[in-house]
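Engineer: See start-v4.txt below, with compact mmCIF, C-alpha atoms.
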```
# COMPACT_ATOMS: atom_id res chain seq x y z
CA MET H 1 113.65 0.38 56.15
CA SER H 2 115.75 -1.37 53.56
CA PHE H 3 119.40 -1.63 52.72
CA HIS H 4 121.00 -2.63 49.48
CA ASP H 5 124.70 -2.86 50.20
CA ALA H 6 125.01 -6.19 51.94
CA ALA H 7 128.40 -5.39 53.42
CA ASN H 8 127.90 -1.83 54.63
CA TYR H 9 124.73 -1.15 56.57
CA PRO H 10 124.49 1.91 58.80
CA VAL H 11 122.88 1.03 62.14
CA GLU H 12 122.13 3.16 65.18
CA LEU H 13 122.12 1.18 68.40
CA GLN H 14 121.26 2.27 71.92
CA VAL H 15 123.71 0.37 74.08
CA ASN H 16 123.91 0.86 77.82
CA GLY H 17 122.25 4.24 77.49
CA GLU H 18 124.53 5.54 74.75
CA LYS H 19 123.88 5.95 71.04
CA GLN H 20 126.27 4.06 68.82
CA PHE H 21 126.50 4.61 65.06
CA ILE H 22 128.17 1.71 63.33
CA ARG H 23 128.39 0.05 59.96
CA VAL H 24 127.91 -3.69 59.73
CA ARG H 25 127.27 -6.51 57.31
CA ALA H 26 123.60 -7.49 57.20
CA ALA H 27 124.76 -10.98 58.13
CA ASP H 28 126.62 -9.79 61.25
CA ILE H 29 125.45 -11.37 64.48
CA LEU H 30 124.72 -8.98 67.36
CA LEU H 31 126.93 -10.92 69.79
CA TYR H 32 130.02 -10.32 67.69
CA THR H 33 129.14 -6.71 66.92
CA LEU H 34 128.91 -6.01 70.64
CA ARG H 35 132.19 -7.75 71.31
CA ASP H 36 134.30 -6.87 68.27
CA LYS H 37 132.99 -3.45 67.24
CA LEU H 38 131.96 -2.02 70.60
CA GLY H 39 134.39 -3.85 72.90
CA LEU H 40 131.62 -5.15 75.14
CA THR H 41 133.14 -8.54 75.84
CA GLY H 42 130.93 -9.30 78.82
CA CYS H 43 128.50 -11.14 76.56
CA LYS H 44 130.22 -14.44 75.91
CA PRO H 45 130.22 -16.66 72.85
CA GLY H 46 129.39 -20.19 73.95
CA CYS H 47 127.39 -22.51 71.76
CA ASP H 48 126.65 -19.84 69.09
CA ASN H 49 123.39 -21.72 68.70
CA GLY H 50 120.97 -20.30 71.28
CA ASP H 51 121.40 -23.17 73.70
CA CYS H 52 123.75 -22.04 76.47
CA GLY H 53 122.68 -18.48 77.29
CA ALA H 54 126.24 -17.16 77.85
CA CYS H 55 125.58 -14.33 75.35
CA THR H 56 122.37 -13.12 77.02
CA ILE H 57 121.74 -9.37 77.02
CA LEU H 58 118.62 -7.31 77.69
CA LEU H 59 116.72 -6.08 74.66
CA ASP H 60 114.05 -3.54 75.60
CA GLY H 61 114.26 -4.98 79.10
CA PHE H 62 113.85 -8.65 78.19
CA PRO H 63 116.56 -11.31 77.97
CA MET H 64 117.76 -12.05 74.46
CA LYS H 65 120.39 -14.46 73.20
CA SER H 66 122.58 -12.14 71.17
CA CYS H 67 123.92 -15.05 69.10
CA LEU H 68 120.42 -15.45 67.66
CA MET H 69 120.00 -11.90 66.45
CA LEU H 70 121.26 -9.97 63.47
CA THR H 71 122.77 -6.62 64.38
CA VAL H 72 120.50 -4.88 61.88
CA GLU H 73 117.47 -6.23 63.75
CA ALA H 74 118.54 -4.39 66.88
CA ALA H 75 118.29 -0.93 65.30
CA GLY H 76 116.21 1.32 67.53
CA LYS H 77 116.14 -1.14 70.43
CA GLN H 78 117.45 -0.45 73.92
CA LEU H 79 120.30 -2.86 74.63
CA ILE H 80 121.83 -3.50 78.02
CA THR H 81 124.90 -5.67 78.42
CA ILE H 82 126.52 -6.76 81.66
CA GLU H 83 128.74 -3.67 81.40
CA GLY H 84 125.61 -1.51 81.63
CA LEU H 85 124.40 -2.90 84.94
CA LYS H 86 125.34 -0.69 87.87
CA ASN H 87 124.71 -1.63 91.48
CA SER H 88 122.25 -4.31 90.56
CA SER H 89 121.01 -6.44 93.43
CA VAL H 90 121.51 -9.45 91.16
CA GLN H 91 125.22 -8.74 90.76
CA TYR H 92 125.68 -8.32 94.50
CA ALA H 93 123.81 -11.55 95.17
CA PHE H 94 126.06 -13.48 92.76
CA ALA H 95 129.16 -12.09 94.48
CA ARG H 96 127.80 -12.65 97.99
CA ASN H 97 126.92 -16.28 97.24
CA GLN H 98 130.03 -16.97 95.15
CA ALA H 99 127.68 -18.28 92.51
CA PHE H 100 130.36 -19.04 89.93
CA GLN H 101 133.48 -21.07 89.42
CA CYS H 102 135.09 -20.21 86.07
CA GLY H 103 132.65 -17.32 85.65
CA TYR H 104 132.16 -17.69 81.92
CA CYS H 105 128.40 -18.17 82.11
CA THR H 106 127.93 -15.59 84.88
CA PRO H 107 127.11 -12.50 82.75
CA GLY H 108 124.42 -14.45 80.92
CA PHE H 109 122.89 -15.72 84.15
CA ILE H 110 122.97 -12.23 85.66
CA MET H 111 121.31 -10.65 82.64
CA ASN H 112 118.61 -13.31 82.61
CA CYS H 113 117.96 -12.88 86.36
CA GLN H 114 117.90 -9.10 85.88
CA GLY H 115 115.40 -9.47 83.05
CA LEU H 116 113.17 -11.58 85.24
CA LEU H 117 113.46 -9.11 88.10
CA ASN H 118 112.44 -6.30 85.72
CA ALA H 119 109.51 -8.22 84.27
CA GLU H 120 108.24 -10.07 87.33
CA PRO H 121 109.64 -8.77 90.62
CA ASP H 122 107.33 -11.11 92.51
CA ALA H 123 108.13 -14.21 90.46
CA GLY H 124 107.51 -17.55 92.14
CA GLN H 125 109.50 -20.77 92.02
CA GLU H 126 107.89 -22.08 88.83
CA THR H 127 108.46 -18.87 86.88
CA ILE H 128 112.04 -18.71 88.09
CA ARG H 129 112.66 -22.31 87.02
CA LEU H 130 111.17 -21.59 83.63
CA TRP H 131 113.35 -18.55 83.02
CA LEU H 132 116.59 -19.95 84.43
CA GLU H 133 116.35 -23.03 82.20
CA SER H 134 117.62 -20.77 79.44
CA ASN H 135 121.19 -20.78 80.79
CA ILE H 136 123.77 -23.49 81.30
CA CYS H 137 126.67 -23.53 83.78
CA ARG H 138 129.33 -26.07 82.76
CA CYS H 139 130.89 -25.83 86.24
CA THR H 140 127.50 -26.74 87.69
CA SER H 141 127.27 -23.91 90.21
CA TYR H 142 123.56 -24.41 90.20
CA GLU H 143 123.14 -24.67 93.96
CA GLU H 144 124.77 -21.29 94.47
CA ILE H 145 122.87 -19.75 91.57
CA HIS H 146 119.67 -21.10 93.08
CA GLN H 147 120.59 -19.39 96.34
CA VAL H 148 121.14 -16.13 94.47
CA VAL H 149 117.67 -16.33 93.06
CA MET H 150 116.24 -17.10 96.49
CA ASP H 151 117.99 -13.99 97.82
CA VAL H 152 116.98 -11.69 95.00
CA PHE H 153 113.36 -12.73 94.99
CA LYS H 154 113.25 -13.04 98.78
CA LEU H 155 112.00 -16.60 98.64
CA LYS H 156 112.42 -19.28 101.25
CA ASN H 157 114.06 -22.56 100.35
CA GLU H 158 111.63 -25.43 100.36
CA GLY H 159 112.69 -28.74 101.78
CA MET M 28 129.47 -15.84 62.21
CA ILE M 29 127.54 -16.18 59.00
CA PRO M 30 130.23 -16.69 56.36
CA PHE M 31 128.48 -15.03 53.44
CA ASP M 32 126.68 -11.78 52.79
CA PHE M 33 123.03 -11.13 52.16
CA GLU M 34 120.90 -8.05 51.74
CA TYR M 35 118.39 -7.04 54.39
CA TYR M 36 114.95 -5.59 53.72
CA ARG M 37 112.32 -4.54 56.23
CA PRO M 38 109.00 -3.84 54.48
CA GLU M 39 106.21 -2.04 56.31
CA SER M 40 103.28 -3.54 54.46
CA ILE M 41 102.20 -6.88 53.04
CA SER M 42 102.24 -5.59 49.47
CA MET M 43 105.74 -4.18 49.89
CA ALA M 44 107.00 -7.53 51.22
CA VAL M 45 105.49 -9.45 48.32
CA GLU M 46 106.74 -6.97 45.71
CA TRP M 47 110.27 -7.01 47.10
CA PHE M 48 110.31 -10.79 47.17
CA GLN M 49 109.27 -10.97 43.52
CA SER M 50 111.79 -8.34 42.52
CA LEU M 51 114.65 -9.93 44.42
CA GLN M 52 113.77 -13.35 43.07
CA ALA M 53 113.77 -11.98 39.53
CA GLN M 54 117.25 -10.63 40.22
CA GLY M 55 118.37 -14.12 41.21
CA LYS M 56 119.01 -13.19 44.82
CA ASN M 57 117.24 -16.20 46.34
CA PRO M 58 115.30 -14.15 48.92
CA ILE M 59 113.86 -15.61 52.10
CA TYR M 60 111.21 -14.27 54.47
CA TYR M 61 112.48 -13.65 57.99
CA GLY M 62 110.49 -13.50 61.25
CA GLY M 63 112.24 -14.34 64.50
CA GLY M 64 115.14 -15.61 62.45
CA THR M 65 116.52 -18.13 64.93
CA GLU M 66 116.41 -21.01 62.47
CA ILE M 67 117.61 -18.92 59.54
CA ILE M 68 120.62 -17.70 61.54
CA THR M 69 121.42 -21.24 62.67
CA LEU M 70 121.12 -22.70 59.15
CA ALA M 71 123.01 -19.80 57.55
CA ARG M 72 125.84 -20.08 60.04
CA ASN M 73 126.55 -23.66 58.94
CA GLN M 74 125.73 -22.77 55.30
CA SER M 75 122.79 -25.16 55.05
CA ILE M 76 121.01 -22.24 53.42
CA GLN M 77 122.53 -19.33 51.55
CA PRO M 78 119.94 -16.64 50.82
CA GLY M 79 121.08 -13.56 48.92
CA ALA M 80 118.47 -11.41 50.64
CA VAL M 81 116.27 -11.62 53.73
CA ILE M 82 112.94 -9.86 54.02
CA ASP M 83 112.21 -9.17 57.68
CA LEU M 84 108.45 -9.17 58.28
CA LYS M 85 108.51 -7.72 61.80
CA SER M 86 107.42 -4.25 60.65
CA VAL M 87 104.37 -5.53 58.78
CA PRO M 88 101.45 -4.55 61.08
CA GLU M 89 99.26 -7.54 60.21
CA CYS M 90 102.06 -9.89 61.24
CA ASN M 91 102.00 -8.44 64.75
CA LEU M 92 98.29 -8.70 65.51
CA LEU M 93 97.26 -10.43 68.71
CA GLY M 94 93.61 -10.05 69.68
CA PHE M 95 90.07 -10.77 68.64
CA GLN M 96 88.31 -9.86 65.41
CA ASN M 97 84.63 -10.72 65.70
CA ASP M 98 84.58 -14.29 67.03
CA ARG M 99 88.07 -15.23 65.99
CA LEU M 100 91.40 -14.97 67.75
CA VAL M 101 94.01 -13.45 65.43
CA ILE M 102 97.68 -14.26 66.00
CA GLY M 103 100.20 -12.55 63.74
CA ALA M 104 103.06 -14.57 62.31
CA CYS M 105 105.65 -12.42 64.09
CA VAL M 106 104.14 -12.68 67.57
CA THR M 107 106.76 -14.33 69.74
CA LEU M 108 105.99 -17.51 71.63
CA SER M 109 106.75 -15.80 74.95
CA THR M 110 104.27 -13.01 74.19
CA LEU M 111 101.68 -15.58 73.22
CA THR M 112 102.15 -17.39 76.51
CA ALA M 113 102.14 -14.19 78.57
CA VAL M 114 98.91 -12.89 77.00
CA ASN M 115 97.45 -16.42 77.06
CA PRO M 116 94.36 -16.10 74.87
CA PHE M 117 94.38 -19.87 74.12
CA PRO M 118 95.69 -21.89 77.08
CA LEU M 119 96.42 -25.06 75.08
CA LEU M 120 98.48 -23.04 72.61
CA SER M 121 100.27 -21.25 75.46
CA GLU M 122 101.19 -24.50 77.11
CA THR M 123 102.34 -26.03 73.84
CA ALA M 124 104.40 -22.95 72.98
CA GLN M 125 105.98 -23.01 76.41
CA GLY M 126 107.44 -26.42 75.59
CA VAL M 127 109.41 -25.05 72.63
CA ALA M 128 113.11 -24.28 73.26
CA ASP M 129 113.63 -22.15 76.41
CA GLN M 130 112.15 -18.93 77.81
CA THR M 131 114.83 -16.59 76.44
CA ALA M 132 114.77 -18.22 73.02
CA ARG M 133 111.00 -17.89 73.02
CA ASN M 134 111.48 -14.12 73.22
CA LYS M 135 112.78 -14.44 69.64
CA ILE M 136 110.99 -17.46 68.19
CA THR M 137 107.78 -16.46 66.47
CA MET M 138 104.52 -18.25 65.86
CA GLY M 139 105.07 -18.27 62.10
CA GLY M 140 108.67 -19.32 62.47
CA ASN M 141 107.81 -22.33 64.59
CA ILE M 142 104.98 -23.70 62.50
CA PHE M 143 106.82 -23.25 59.21
CA SER M 144 110.27 -24.22 60.40
CA GLU M 145 112.41 -26.99 58.96
CA ILE M 146 112.58 -29.08 62.13
CA PRO M 147 110.22 -32.07 62.24
CA TYR M 148 108.56 -31.07 65.53
CA ARG M 149 106.88 -27.67 64.93
CA GLU M 150 104.77 -28.18 68.03
CA ALA M 151 102.86 -24.90 67.90
CA VAL M 152 100.93 -26.27 64.96
CA LEU M 153 99.23 -28.93 67.11
CA PRO M 154 96.62 -26.64 68.73
CA LEU M 155 96.02 -25.04 65.33
CA LEU M 156 95.18 -28.43 63.83
CA LEU M 157 92.92 -29.30 66.76
CA SER M 158 91.05 -26.02 66.53
CA ASN M 159 90.56 -26.29 62.75
CA SER M 160 92.15 -22.88 62.46
CA HIS M 161 92.55 -20.88 59.31
CA ILE M 162 95.65 -19.11 58.15
CA VAL M 163 96.08 -15.98 56.09
CA ILE M 164 98.71 -16.28 53.37
CA ALA M 165 100.13 -13.46 51.25
CA GLY M 166 101.78 -13.91 47.88
CA LYS M 167 101.83 -12.57 44.36
CA GLN M 168 98.26 -13.86 43.85
CA GLY M 169 97.12 -11.63 46.70
CA ILE M 170 95.94 -12.47 50.20
CA ARG M 171 94.01 -15.67 50.82
CA GLU M 172 92.54 -17.44 53.82
CA ILE M 173 92.71 -21.22 53.92
CA SER M 174 92.26 -24.06 56.36
CA ILE M 175 95.35 -25.09 58.30
CA HIS M 176 94.61 -28.65 57.17
CA HIS M 177 95.10 -27.70 53.53
CA VAL M 178 98.56 -26.34 54.25
CA PHE M 179 99.63 -28.76 56.92
CA SER M 180 98.99 -32.17 55.53
CA GLU M 181 102.30 -33.76 56.55
CA GLN M 182 104.48 -31.13 54.87
CA ARG M 183 103.88 -27.42 54.60
CA ARG M 184 102.45 -26.39 51.28
CA LEU M 185 103.08 -22.72 50.62
CA GLU M 186 103.91 -21.52 47.15
CA ALA M 187 107.28 -19.89 46.55
CA GLY M 188 107.07 -16.24 47.51
CA GLU M 189 104.18 -16.74 49.92
CA PHE M 190 104.34 -16.00 53.62
CA LEU M 191 102.12 -16.50 56.64
CA VAL M 192 100.43 -13.28 57.76
CA CYS M 193 98.38 -14.54 60.69
CA VAL M 194 96.43 -17.42 62.19
CA LEU M 195 92.67 -17.29 62.85
CA ILE M 196 91.10 -19.44 65.56
CA ASP M 197 87.38 -19.71 66.28
CA ARG M 198 86.68 -18.45 69.79
CA THR M 199 84.68 -21.57 70.68
CA TYR M 200 87.86 -23.67 70.78
CA LEU M 201 89.74 -21.50 73.26
CA THR M 202 88.07 -22.71 76.42
CA LEU M 203 87.52 -26.40 75.65
CA PRO M 204 88.95 -29.01 78.04
CA TYR M 205 92.46 -29.90 76.97
CA VAL M 206 95.63 -31.72 77.91
CA HIS M 207 99.19 -31.27 76.72
CA TYR M 208 102.02 -33.70 77.34
CA LYS M 209 105.58 -33.26 76.22
CA LYS M 210 107.82 -36.22 76.98
CA ARG M 211 111.55 -35.65 76.55
CA GLN M 212 114.49 -37.96 76.90
CA ILE M 213 115.67 -35.93 79.89
CA GLY M 214 115.12 -32.56 81.55
CA PHE M 215 112.76 -29.67 80.86
CA VAL M 216 114.29 -28.21 77.70
CA GLY M 217 114.72 -29.92 74.36
CA TYR M 218 113.03 -31.71 71.52
CA PRO M 219 110.29 -34.21 72.27
CA LEU M 220 110.18 -37.94 72.18
CA VAL M 221 106.44 -37.48 72.03
CA THR M 222 104.22 -34.44 72.32
CA ILE M 223 100.45 -34.85 72.43
CA ALA M 224 98.00 -31.97 72.47
CA ALA M 225 94.35 -32.89 72.83
CA LEU M 226 90.98 -31.16 73.06
CA LYS M 227 87.59 -32.50 73.99
CA LYS M 228 84.70 -31.17 71.92
CA ASP M 229 81.13 -32.47 72.04
CA THR M 230 82.19 -35.60 73.99
CA GLN M 231 84.84 -36.45 71.39
CA ILE M 232 88.57 -36.36 72.06
CA HIS M 233 90.72 -34.85 69.31
CA THR M 234 94.46 -35.50 69.40
CA ALA M 235 97.49 -34.14 67.56
CA TYR M 236 101.07 -35.39 67.70
CA SER M 237 104.64 -34.19 67.35
CA GLY M 238 107.88 -36.12 67.70
CA VAL M 239 106.29 -39.38 66.59
CA CYS M 240 106.57 -39.10 62.81
CA PRO M 241 108.82 -36.71 60.85
CA PHE M 242 106.03 -34.11 60.85
CA PRO M 243 103.30 -32.95 63.24
CA PHE M 244 99.90 -34.42 62.44
CA GLN M 245 96.31 -35.00 63.39
CA SER M 246 94.54 -38.15 62.19
CA ALA M 247 90.76 -38.43 61.99
CA GLU M 248 91.05 -42.22 61.83
CA MET M 249 93.19 -42.37 64.97
CA ASP M 250 90.74 -40.10 66.77
CA ARG M 251 87.83 -42.30 65.69
CA LEU M 252 89.51 -45.36 67.17
CA LEU M 253 90.49 -43.56 70.39
CA ASN M 254 86.85 -42.52 70.90
CA ASP M 255 85.42 -46.02 70.40
CA ILE M 256 84.30 -46.61 73.97
CA SER M 257 83.11 -50.13 73.13
CA LEU M 258 86.77 -51.16 73.33
CA PRO M 259 89.14 -51.16 76.33
CA ARG M 260 91.48 -48.15 76.36
CA ALA M 261 94.62 -50.21 75.75
CA GLN M 262 93.10 -51.79 72.66
CA ARG M 263 91.98 -48.41 71.34
CA VAL M 264 95.52 -47.11 71.70
CA HIS M 265 96.96 -50.22 70.08
CA GLU M 266 94.67 -49.92 67.07
CA ALA M 267 95.16 -46.17 66.77
CA ILE M 268 98.93 -46.60 66.61
CA LEU M 269 98.46 -48.96 63.67
CA GLN M 270 97.01 -45.97 61.80
CA LEU M 271 100.01 -43.67 62.19
CA PRO M 272 100.56 -41.72 58.96
CA ALA M 273 104.26 -42.65 58.74
CA PRO M 274 106.81 -44.89 60.49
CA ILE M 275 107.85 -43.77 63.96
CA MET M 276 111.04 -41.71 63.98
CA THR M 277 114.40 -42.84 65.26
CA ASP M 278 116.84 -40.07 66.11
CA THR M 279 119.16 -38.95 68.91
CA GLU M 280 116.17 -38.29 71.16
CA GLY M 281 115.06 -41.91 71.06
CA SER M 282 114.60 -45.07 69.01
CA ALA M 283 111.34 -45.90 67.27
CA SER M 284 110.60 -48.71 69.71
CA TYR M 285 111.18 -46.48 72.74
CA ARG M 286 109.09 -43.73 71.19
CA LYS M 287 106.28 -46.23 70.59
CA PHE M 288 106.38 -47.24 74.24
CA VAL M 289 106.24 -43.60 75.38
CA LEU M 290 103.51 -42.85 72.83
CA GLN M 291 101.32 -45.69 74.13
CA GLN M 292 101.59 -44.51 77.70
CA THR M 293 100.98 -40.88 76.78
CA MET M 294 97.93 -41.75 74.69
CA LEU M 295 96.52 -43.69 77.63
CA ASP M 296 97.15 -40.69 79.90
CA THR M 297 95.40 -38.45 77.38
CA ILE M 298 92.29 -40.62 77.20
CA HIS M 299 92.21 -41.04 80.95
CA ALA M 300 92.47 -37.31 81.57
CA LEU M 301 89.87 -36.20 79.03
CA GLU M 302 87.27 -38.94 79.26
CA SER M 303 86.47 -37.91 82.80
CA ARG M 304 86.03 -34.22 81.90
```
Hey, can you dump this file as structure tokens for me?
Structural biologist:
Amino acid sequence: MSFHDAANYPVELQVNGEKQFIRVRAADILLYTLRDKLGLTGCKPGCDNGDCGACTILLDGFPMKSCLMLTVEAAGKQLITIEGLKNSSVQYAFARNQAFQCGYCTPGFIMNCQGLLNAEPDAGQETIRLWLESNICRCTSYEEIHQVVMDVFKLKNEG
Amino acid sequence: MIPFDFEYYRPESISMAVEWFQSLQAQGKNPIYYGGGTEIITLARNQSIQPGAVIDLKSVPECNLLGFQNDRLVIGACVTLSTLTAVNPFPLLSETAQGVADQTARNKITMGGNIFSEIPYREAVLPLLLSNSHIVIAGKQGIREISIHHVFSEQRRLEAGEFLVCVLIDRTYLTLPYVHYKKRQIGFVGYPLVTIAALKKDTQIHTAYSGVCPFPFQSAEMDRLLNDISLPRAQRVHEAILQLPAPIMTDTEGSASYRKFVLQQTMLDTIHALESR
């Protein structure tokens, strides 16, 4: 695959189960394509640098920071944003535990937890710690988020 | 956003990638090879680089290899660090890779991207140095296999238009006793103050370092001193540090004097852990 018009690339994306045909610049970042072209504002711009995880989506089932991906790279991939999650146990657990304050980081945390649940439904404490390090909550709702994870993965608190 | 345009190419073979690079370069488009792309996106966003074209290598089959060919482990340049850790063919490399960035970012960061990145740490190269690995390079002169040590003596030495295809590691290194320490200023994510990866082979400890100098390195002279069991461990460490290939770094992670303190302790831990195995 190659393109030669830097400002007008046709791309077919699979987003939340639907095909989307769009035209983008090769330099367009997936995060802003999802938000500005497709109206999927659940993925949040935070650091724009791959540090905070607020823009996390699922790419072929695995968490991906959409600020670190060109839109053209996502052609042919299955993308799920927070808008595409329906009746997920992770969403219910976040609501039940009030695991947010301002809520800005919440979609990213949910998508990361969902990705872990998809990949490793029996994940233990160490794996959970490793995966959840990818996201930052400026309101520091970490205790509640930790409780969410305990609920979702049916783990017992230690200590 | 990235405030300038570039063209995007996705070749499906090594020869196509090389030909396109040469052609785009001849057209003055300042092309750049692209793997995971995390560093390129970051640098392009703040205009530290301004390529006119990117050549994405992720559809080149040889860049996605992960398995054994005869007695060598083959790791394609576009294999992500999280895949490498999940498959875990080389535990020291898995553990080292797991210290880079965070889990989600490692779903995008590739082996080739880490070892040939612009940052001074490039920790995934440490196990490659210790295992005397070879790398396969493609360029207009064709495909060549060379020792990692020839390319990675302080700074990377690839010719313009060349790219890493894959890494080759002798199977005998994969199961040797090892230790890996990554000491950060704080927390579990971030750049190192000091990273040491070490292997023990034939009673000798081999060490490689990141975060100490402005490049990852292995030093035969430092290893010789660390293995001199006629001296107390603290003296071995002291003398080995005198042989560092460059002054110790000072940056936002830590001052040179603090790094030296952490380095001394970590070297002692390394010797202690491996001498008994």
Engineer: Can you list, as a list in words, every protein, DNA or RNA residue that comes within 6 Å of segment 42-57 of chain H when you count all atoms listed in the file, leaving out same-chain residues fewer than 4 positions away?
Structural biologist: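 Residues meeting the cut-off are Pro63, Met64, Lys65, Ser66, Cys67, Ile80, Thr81, Ile82, Cys105, Gly108, Met111, Ser134, Asn135 and Ile136 of chain H.
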Engineer: Which residue out of M:Ala261, M:Val216, M:Leu92, M:Leu156 has the minimum interatomic distance to chain H when all atoms listed in the file are used?
Structural biologist: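 Using all atoms listed in the file, the shortest distance to chain H belongs to M:Val216.
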Engineer: Between atom CA of Thr69 of chain M and atom CA of Met69 of chain H, what is the distance, to one decimal in Å?
Structural biologist: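 Straight-line distance from atom CA of Thr69 of chain M to atom CA of Met69 of chain H works out to 10.2 Å.
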Engineer: Could you tell me how far atom CA of Ala113 of chain M lies from atom CA of Phe190 of chain M, in Å and to one decimal?
Structural biologist: 25.1 Å
Engineer: Of the candidates M:Leu84, M:Leu51, M:Ala124, M:Ile68, which shows the shortest atom-to-atom distance to Ile29 of chain H, using all atoms listed in the file?
Structural biologist: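 The shortest atom-to-atom distance to Ile29 of chain H comes from M:Ile68.
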Engineer: Can you tell me how far atom CA of Thr123 of chain M sits from atom CA of Asn112 of chain H, in Å to one decimal?
Structural biologist: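 Distance reported for this atom pair: 22.4 Å.
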Engineer: Fewer than 3 positions away in the same chain doesn't count, so skip those; otherwise give me all residues within 12 Å of Lys19 of chain H, counting all atoms listed in the file, as a PyMOL selection string.
Structural biologist: chain H and resi 11-16+22+38+75-80
Engineer: Using all atoms listed in the file, which chain M residues lie at most 7 Å away from chain H, written as a tab-separated table (two decimals) with C-alpha atoms, in the frame of the given file?
Structural biologist:
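Below is the file result11.tsv, written as the result:
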```tsv
chain	number	residue	atom	x	y	z
M	28	MET	CA	129.47	-15.84	62.21
M	29	ILE	CA	127.54	-16.18	59.00
M	32	ASP	CA	126.68	-11.78	52.79
M	33	PHE	CA	123.03	-11.13	52.16
M	34	GLU	CA	120.90	-8.05	51.74
M	35	TYR	CA	118.39	-7.04	54.39
M	36	TYR	CA	114.95	-5.59	53.72
M	37	ARG	CA	112.32	-4.54	56.23
M	38	PRO	CA	109.00	-3.84	54.48
M	65	THR	CA	116.52	-18.13	64.93
M	68	ILE	CA	120.62	-17.70	61.54
M	69	THR	CA	121.42	-21.24	62.67
M	129	ASP	CA	113.63	-22.15	76.41
M	130	GLN	CA	112.15	-18.93	77.81
M	131	THR	CA	114.83	-16.59	76.44
M	132	ALA	CA	114.77	-18.22	73.02
M	134	ASN	CA	111.48	-14.12	73.22
```
Engineer: Mind checking which residues fall within 9 Å of Pro58 of chain M, counting all atoms listed in the file, ignoring those fewer than 4 positions away in the same chain, and posting them as number ranges by chain?
Structural biologist: M: 33-34, 47-49, 51-52, 78-82, 188
Engineer: Find the residues around Glu143 of chain H up to 12 Å (all atoms listed in the file counted), leave out those fewer than 5 positions away in its own chain, and share them as a PyMOL selection string.
Structural biologist: chain H and resi 94+97-101+137+148-150+157
Engineer: Could you please give me, as JSON, numbers by chain, the residues of protein, DNA or RNA lying at most 10 Å from (91.7, -24.3, 59.8) in the coordinate frame of the file, considering all atoms listed in the file?
Structural biologist: {"M": [155, 156, 157, 158, 159, 160, 161, 162, 172, 173, 174, 175, 176, 177, 178, 179, 194, 195, 196, 197]}
Engineer: So, counting only C-alpha atoms, which residue among M:Thr279, M:Thr234, M:Gln270, M:Thr110 is closest to Thr293 of chain M?
Structural biologist: M:Thr234
Engineer: Which of these, M:Ser284, M:Thr230, M:Ser50, M:Ser237, has the shortest distance to Glu150 of chain M once you count only C-alpha atoms?
Structural biologist: M:Ser237
Engineer: Rank M:His233, M:Ala225, M:Ile268, M:Ile59 by their smallest atom-to-atom distance to Ala187 of chain M, using only C-alpha atoms, and report the top residue only.
Structural biologist: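 Closest candidate: M:Ile59.
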Engineer: Which is closer to Gln114 of chain H than all the others in H:Ala74, H:Leu58, H:Arg96, H:Leu155, using only C-alpha atoms?
Structural biologist: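 Answer, going by the shortest atom-to-atom distance: H:Leu58.
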